[in-house]
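Asks: The structure's right below; bear with me while I get my questions together.
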Amino acid sequence: MTLFHFGNCFALAYFPYFITYKCSGLSEYSAFWRCVQAGATYLFVQLCKMLFLATFFPTWEGGAGVYDFVGEFMKATVDMADLLGLHLVMSRNAGKGEYKIMVAAMGWATAELVMSRCIPLWVGARGIEFDWKYIQMSFDSNISLIHYISMAAVVWMFTRYDLPKSFRLPVTVLLGLCVYKAFLMELFVHVFLLGSWMALLLKAVLTGAISLCSLFLFITLVHSS
Amino acid sequence: MFEEASEVFENMFKSSFPLTFIVFLPAVLILVSPLPAEAAHEFTVYRMQQYDLQGQNYGSRNAILNTEARTVEADVLSRRCVLMRLADFSYEKYQKALRQSAGAVVLVLPTNMSTLPQDIVQQFMELEPELLATETIVPVYFALEDDELLSIYTQTQDSSTSQGSSSAAEVLLHSATANGFQMVTSGAQSKAVTDWAITSLEGRLTGVGGEDLPTIVLVAHYDSFGVAPWLSYGADSNGSGVAVLLELARLFSRLYSHKRTHAGYNLLFFLSGGGKFNYQGTKRWLEDNLDHTESSLLQDNVAFVLCLDTLGNGDSLHLHVSKPPKEGSPQHALLRELQMVNTFQYPDLKFSMVHKKINLADDTLAWEHERFGIRRLPAFTLSRLDSHRSVARNSIMDMRPHVDLKKLSRNTKLIAEALARVIYNLTEKGTNGDLEIFTEQMQVQEDQLTSLIDWLASQPRAAQLVDKDSSVVSTLEYYMGHYLKDVKRHFVKADKRDPEFVFYDQLKQTMNAYRVKPAVFDLLLALCIAAYLGLVYLAVQWEGFTFRGPVQHPSPAHGTTSQATLSSSGSCSPYTCNMRDFLQSQWSQECVLTNLSFFLFLGVELDPNPSHRHQHHACCSPLLHWLAQVKSSLLKSSLITSPHPSLKLVFP
């Protein structure tokens with residue numbers, strides 16, 4: 001389409017990050033460099049994941065349209081490394097829990113946004129051809145911001161020593177959901193043959209549910225302590 | 001965030017040049033990256049003819065297309081690419097598009113044109129010469145229909161018809177749901193092809209018995225013509241003529257290979273190129289043979305020249321002559337033999353002679369024999385058509401189904417019989433008219449003709465496409481070489497300074513249809529996104545509770561003091577908290593009061609010297625004045641007596 005369309009997609013993808021950064025008060029803590037460090041950790045973790053995947057997971061050679069259930073599940077398991085990375089970022093930052101979570105999540109999500117969506121948007125949304133997928137991609141980046149915030153919160157809760165016994169199970173379940181969310185999404189799309197908008201909606205609902213749960217747990221935890 | 005970032009970058013660039021390079025080079029590369037060619041649909045289009053003949057321009061003079069598609073129903077066509085389907089194509093619609101200065105015309109042809117109703121085919125065939133008669137600046141393309149293209153056409157038609165009548169809201173809604181299509185051709189502007197050589201082929205069978213034998217020349221042009229060169233298959237015109245000529249070559253080569261049947265006539269076979277462009281190949285061949293060479297079969301004792309043109313169908317044959325043959329001449333002999341074979345062997349066939357004088361004032365010659373007539377060689381053309389103006393000679397609809405092989409082989413047989421009767425002088429020798437020479441082993445082979453016609457009609461043979469390396473020429477040459485002697489090529493190139501014919505390139509292109517939305521849609525989208533971002537902003541403010549709420553929240557149960565962190569940027573959004581709690585709790589009132597008291601402090605602090613204030617803070621004065629008023633009224637109502645005791649200001 002036009003540069004204007006690119007501007008639209010860009011605004012849709014990036015402004016929520018900016019708003020979150022500004023309004024969550026991270027800017028007041030001079031957390032910019034900490035976010036950049038978190039982003040660098042993201043890059044490092046992704047590189048490790050890629051090397052691992054390339055070394056130990058052969059390319060799927062089954063027929064087209066056949067879903068490699070086990071293979072995809074194993075690949076999703078590798079995403080556990082994200083949890084480790086987030087934990088690493090949070091453990092290196094001193095401060096309140098909320099601050100640690102926000103810094104890790106913001107840096108992580110922003111790095112992902114820049115690395116995986118910037119170039120497709122620039123190349124695609126600026127082209128002559130109009131496609132809804134760039135708008136969808138921008139929405140998707142908003143969803144992934146929420147996803148990473150809740151994921152960081154869950155990781156933070158999981159790594160606390162003073163986590164009450166009654167919290168242990170729901171937090172672990174949420175952790176598993178966070179890791180296997182992409183896998184579950186793919187499975188849903190594959191089984192129910194969802195369209196791209198439906199898939200996006202499903203993803204939003206799933207992420208929203210996970211984040212609400214983790215928010216609830218987080219607030220309860222913070223208040224109780 | 002941005003200030004910090006810019007500082008970082010500044011330091012980075014000051015410190016090291018290579019780093020700058022590393023950062024900037026990708027940035028520049030990304031900025032100049034070409035737009036990707038990822039189209040919704042990509043299809044091949046064939047451009048309308050573009051050529052100059054004897055200084056006159058014909059066809060579409062333009063090849064570049066980059067406009068949005070519309071169908072002819074739309075109100076405004078100017079600078080749009082007008083899509084039309086053959087079924088609803090008419091000259092009026094075409095003219096309408098041209099009058100409204102359309103950006104281009106794309107005519108969608110059905111893939112299987114033989115299944116079209118006859119009246120549509122006939123109508124289009126009659127339109128073809130009209131489309132080409134005048135030059136148009138607008139690029140005109142032809143595309144073959146497929147499912148994708150059909151769906152593009154339907155969607156374009158929907159958006160074109162709904163434009164005028166609906167309300168603004170409907171148009172907006174429509175713009176979001178419907179697709180527009182931007183048609184883009186990949187090629188460059190068309191330009192004249194220099195040094196194009198038209199190839200003609202010659203072969204002979206030499207007679208026996210003496211030096212100065214009479215020569216019979218058989219001629220057919222092999223090129224085809226239609227409104228679009230890449231779509232002109234020319235099965236009947238003049239694939240059938242070529243097939244007949246090659247079959248005659250085969251038959252007579254067999255007769256000439258036996259001593260007893262070797263006749264006293266030289267047979268010269270000529271496949272001419274550029275026949276649809278005023279018989280350029282024939283013209284040059286005659287010039288070469290008559291003007292430039294010392295000895296040639298054409299220079300002495302030519303019995304007659306028989307041109308074969310469009311013989312593949314119909315139940316009539318016409319012998320076109322420029323002047324009626326004289327009694328006793330070889331031409332008259334052929335005419336008589338043709339009539340005799342017709343009466344005795346094929347009484348169903350209508351045979352007639354058509355007399356038409358050569359009109360030198362015309363732009364183009366009517367039939368190929370006129371080229372010979374001008375050079376005073378006795379010549380005539382045999383065709384199933386009664387007029388050279390027949391649209392069947394120059395149409396892209398002239399495809400393989402237009403040739404009836406039964407009739408083609410019957411015509412071949414008739415010509416072969418008549419020729420043989422002339423060559424062996426059978427009538428003088430007193431044989432009957434019903435004597436068949438080409439029977440049994442010598443008969444006209446229909447499968448031979450079938451394969452020839454199939455091959456000829458399988459590829460476009462427009463003169464612009466058949467160059468000297470093309471498979472058409474080499475296959476024809478090979479075939480002739482199999483039966484004839486001295487097969488030679490003749491080339492015609494247009495004169496550099498005053499070209500008689502000029503061809504243009506870019507006749508076949510790839511067209512991309514990109515899905516696009518109107519500018520209104522972009523604006524609408526921008527509004528929606530702005531609204532969404534506004535919602536996100538509010539939501540984040542709400543959610544900010546998760547991060548800062550508990551810190552600021554004085555839980556009533558614990559009864560701790562409230563602590564407000566005020567940003568240095570002032571009181572725009574100093575508090576981010578949960579709305580519900582905000583409204584419910586005591587703290588919200590405190591919050592308002594703290595906020596107000598901050599203002600009051602500000603006011604008090606700046607207030608002490610009114611004159612000073614007016615000098616330095618003139619712009620703030622109404623606000624400060626108002627604040628002073630609020631302060632005094634608050635003090636009066638004894639809502640606050642002093643600055644809030646629990647307030648702790650933190651200035652980073």
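Chain labels follow the order of the structure tokens: the first chain is A, the next B, and so on; residue numbering restarts at 1 in every chain, and ligands are counted from 1 in their shown order.
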Given a cut-off of 6 Å, which residues of chain A touch chain B, counting only C-alpha atoms, written out as a PyMOL selection string?

Replies: chain A and resi 8+24+98+127+129-130

Asks: Using DSSP assignments from the backbone, pull out every residue in region 220-392 of chain B that falls under helix (DSSP H, G or I) and give it to me as a PyMOL selection string.

Replies: chain B and resi 229-231+235-256+280-292+330-345+369-374+391-392

Asks: Extract, using only C-alpha atoms, all DNA, RNA and protein residues at most 12 Å from Phe56 (chain A), discarding same-chain residues fewer than 2 positions from it, and format them as a PyMOL selection string.

Replies: chain A and resi 49-54+58-59+71+74-75+78

Asks: Excluding Met480 (chain B) and its own-chain neighbours fewer than 5 positions away, which residues fall within 9 Å of it when counting only C-alpha atoms? Please give them as a list in words.

Replies: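 The neighbour list is Leu201, Glu202, Gly203, Leu246, Ala249, Arg250, Phe269, Thr475, Lys485 and Val487 of chain B.
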
Asks: Just to be explicit: take each residue in the selection above, keep N, CA and C atoms, and write the result as a PDB file, in the first residue's frame.

Replies:
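The new file result-v3.pdb reads:
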```pdb
ATOM      1  N   LEU B 201      11.275 -18.783 -47.453  1.00  0.00           N
ATOM      2  CA  LEU B 201      11.947 -20.025 -47.830  1.00  0.00           C
ATOM      3  C   LEU B 201      11.601 -20.402 -49.266  1.00  0.00           C
ATOM      4  N   GLU B 202      12.603 -20.894 -49.964  1.00  0.00           N
ATOM      5  CA  GLU B 202      12.405 -21.252 -51.369  1.00  0.00           C
ATOM      6  C   GLU B 202      12.960 -22.650 -51.599  1.00  0.00           C
ATOM      7  N   GLY B 203      12.262 -23.420 -52.446  1.00  0.00           N
ATOM      8  CA  GLY B 203      12.778 -24.731 -52.819  1.00  0.00           C
ATOM      9  C   GLY B 203      12.264 -25.069 -54.212  1.00  0.00           C
ATOM     10  N   LEU B 246       2.999 -27.635 -48.803  1.00  0.00           N
ATOM     11  CA  LEU B 246       3.950 -28.675 -48.415  1.00  0.00           C
ATOM     12  C   LEU B 246       3.490 -30.050 -48.896  1.00  0.00           C
ATOM     13  N   ALA B 249       4.272 -30.272 -52.459  1.00  0.00           N
ATOM     14  CA  ALA B 249       5.705 -30.522 -52.617  1.00  0.00           C
ATOM     15  C   ALA B 249       6.003 -32.004 -52.449  1.00  0.00           C
ATOM     16  N   ARG B 250       5.342 -32.606 -51.446  1.00  0.00           N
ATOM     17  CA  ARG B 250       5.573 -34.031 -51.210  1.00  0.00           C
ATOM     18  C   ARG B 250       5.108 -34.874 -52.404  1.00  0.00           C
ATOM     19  N   PHE B 269       8.783 -23.696 -55.305  1.00  0.00           N
ATOM     20  CA  PHE B 269       7.923 -23.524 -54.120  1.00  0.00           C
ATOM     21  C   PHE B 269       8.465 -22.379 -53.277  1.00  0.00           C
ATOM     22  N   THR B 475      11.899 -25.612 -38.864  1.00  0.00           N
ATOM     23  CA  THR B 475      11.120 -26.814 -39.154  1.00  0.00           C
ATOM     24  C   THR B 475      10.598 -26.803 -40.581  1.00  0.00           C
ATOM     25  N   LYS B 485      14.686 -29.544 -53.700  1.00  0.00           N
ATOM     26  CA  LYS B 485      16.109 -29.281 -53.899  1.00  0.00           C
ATOM     27  C   LYS B 485      16.381 -27.780 -53.694  1.00  0.00           C
ATOM     28  N   VAL B 487      16.962 -25.726 -51.243  1.00  0.00           N
ATOM     29  CA  VAL B 487      16.162 -24.925 -50.305  1.00  0.00           C
ATOM     30  C   VAL B 487      17.016 -23.777 -49.791  1.00  0.00           C
TER      31      VAL B 487
END
```

Asks: Please determine, counting only C-alpha atoms, which residue among B:Pro378, B:Gly433, B:Pro229, B:Pro325 has the shortest atom-to-atom distance to Gln459 (chain B).

Replies: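 Result for the nearest residue to Gln459 (chain B): B:Pro229.
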
Asks: From the list A:Gly107, A:Pro170, A:Gly195, A:Gly7, which residue is nearest Cys213 (chain A) when using only C-alpha atoms?

Replies: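 Result for the nearest residue to Cys213 (chain A): A:Pro170.
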
Asks: Can you tell me how far CA of Arg489 (chain B) sits from CA of Glu477 (chain B), in Å to one decimal?

Replies: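 CA of Arg489 (chain B) sits 8.2 Å away from CA of Glu477 (chain B).
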
Asks: For Arg160 (chain A), work out the shell of residues within 12 Å, counting only C-alpha atoms and skipping chain neighbours fewer than 4 positions away, then give it as a PDB file with C-alpha atoms, in the first residue's frame.

Replies:
```pdb
ATOM      1  CA  HIS A  87      14.730 -15.376  35.147  1.00  0.00           C
ATOM      2  CA  MET A  90      15.223 -10.541  36.573  1.00  0.00           C
ATOM      3  CA  SER A  91      17.869 -11.974  38.834  1.00  0.00           C
ATOM      4  CA  GLY A  97       9.238  -7.277  41.995  1.00  0.00           C
ATOM      5  CA  ALA A 153       5.250 -12.163  36.425  1.00  0.00           C
ATOM      6  CA  VAL A 154       4.685 -15.905  36.597  1.00  0.00           C
ATOM      7  CA  VAL A 155       8.407 -16.601  36.429  1.00  0.00           C
ATOM      8  CA  TRP A 156       9.013 -14.077  39.179  1.00  0.00           C
ATOM      9  CA  PRO A 164       2.848 -20.081  49.650  1.00  0.00           C
ATOM     10  CA  LYS A 165       2.146 -23.749  49.100  1.00  0.00           C
ATOM     11  CA  PHE A 167       0.174 -20.919  44.998  1.00  0.00           C
ATOM     12  CA  ARG A 168       2.610 -23.498  43.783  1.00  0.00           C
ATOM     13  CA  VAL A 171       1.714 -20.839  39.155  1.00  0.00           C
ATOM     14  CA  PHE A 218       0.302 -11.575  41.659  1.00  0.00           C
ATOM     15  CA  LEU A 221       0.659 -12.604  46.577  1.00  0.00           C
ATOM     16  CA  VAL A 222       1.829  -9.022  46.920  1.00  0.00           C
ATOM     17  CA  SER A 225       3.086 -10.584  51.981  1.00  0.00           C
TER      18      SER A 225
END
```

Asks: Could you give me, as a VMD selection string, the residues within 10 Å of Gly234 (chain B), counting only C-alpha atoms and dropping anything in the same chain fewer than 3 positions from it?

Replies: chain B and resid 222 to 226 231 237 to 240 310 392 to 400 402 to 403 453 456 to 462

Asks: As an exercise, work out the distance from CA of Glu186 (chain A) to CA of Glu72 (chain A) in Å and give it to one decimal place.

Replies: 9.1 Å

Asks: Tell me, as a ChimeraX atom specification, which residues lie within 8 Å of Gly274 (chain B), counting only C-alpha atoms; anything in the same chain fewer than 6 positions away does not count.

Replies: /B:198,221,223,280-281,463

Asks: Limited to C-alpha atoms, could you put the picked residues into a file as a PDB file, in the first residue's frame?

Replies:
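Writing the result to out_39.pdb gives the following:
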```
ATOM      1  CA  ILE B 198      11.727 -11.506 -42.114  1.00  0.00           C
ATOM      2  CA  HIS B 221       2.778 -16.938 -46.924  1.00  0.00           C
ATOM      3  CA  ASP B 223       2.811 -15.783 -41.148  1.00  0.00           C
ATOM      4  CA  GLN B 280       7.228  -7.969 -47.836  1.00  0.00           C
ATOM      5  CA  GLY B 281       8.903 -11.346 -48.251  1.00  0.00           C
ATOM      6  CA  ALA B 463       5.672 -11.851 -38.390  1.00  0.00           C
TER       7      ALA B 463
END
```

Asks: What does the distance from CA of Thr206 (chain B) to CA of Ala379 (chain B) come to in Å, to one decimal?

Replies: 20.0 Å

Asks: Which residue out of A:Ser166, A:Thr172, A:Ser196, A:Ser27 has the minimum interatomic distance to Tyr134 (chain A) when only C-alpha atoms are used?

Replies: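 For Tyr134 (chain A), the nearest of the candidates is A:Ser196.
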
Asks: With DSSP run on the backbone, what are the strand (DSSP E) residues within region 68-121 of chain B? I'd like them as an MDAnalysis selection string.

Replies: chainID B and resid 68:71 81:85 104:109
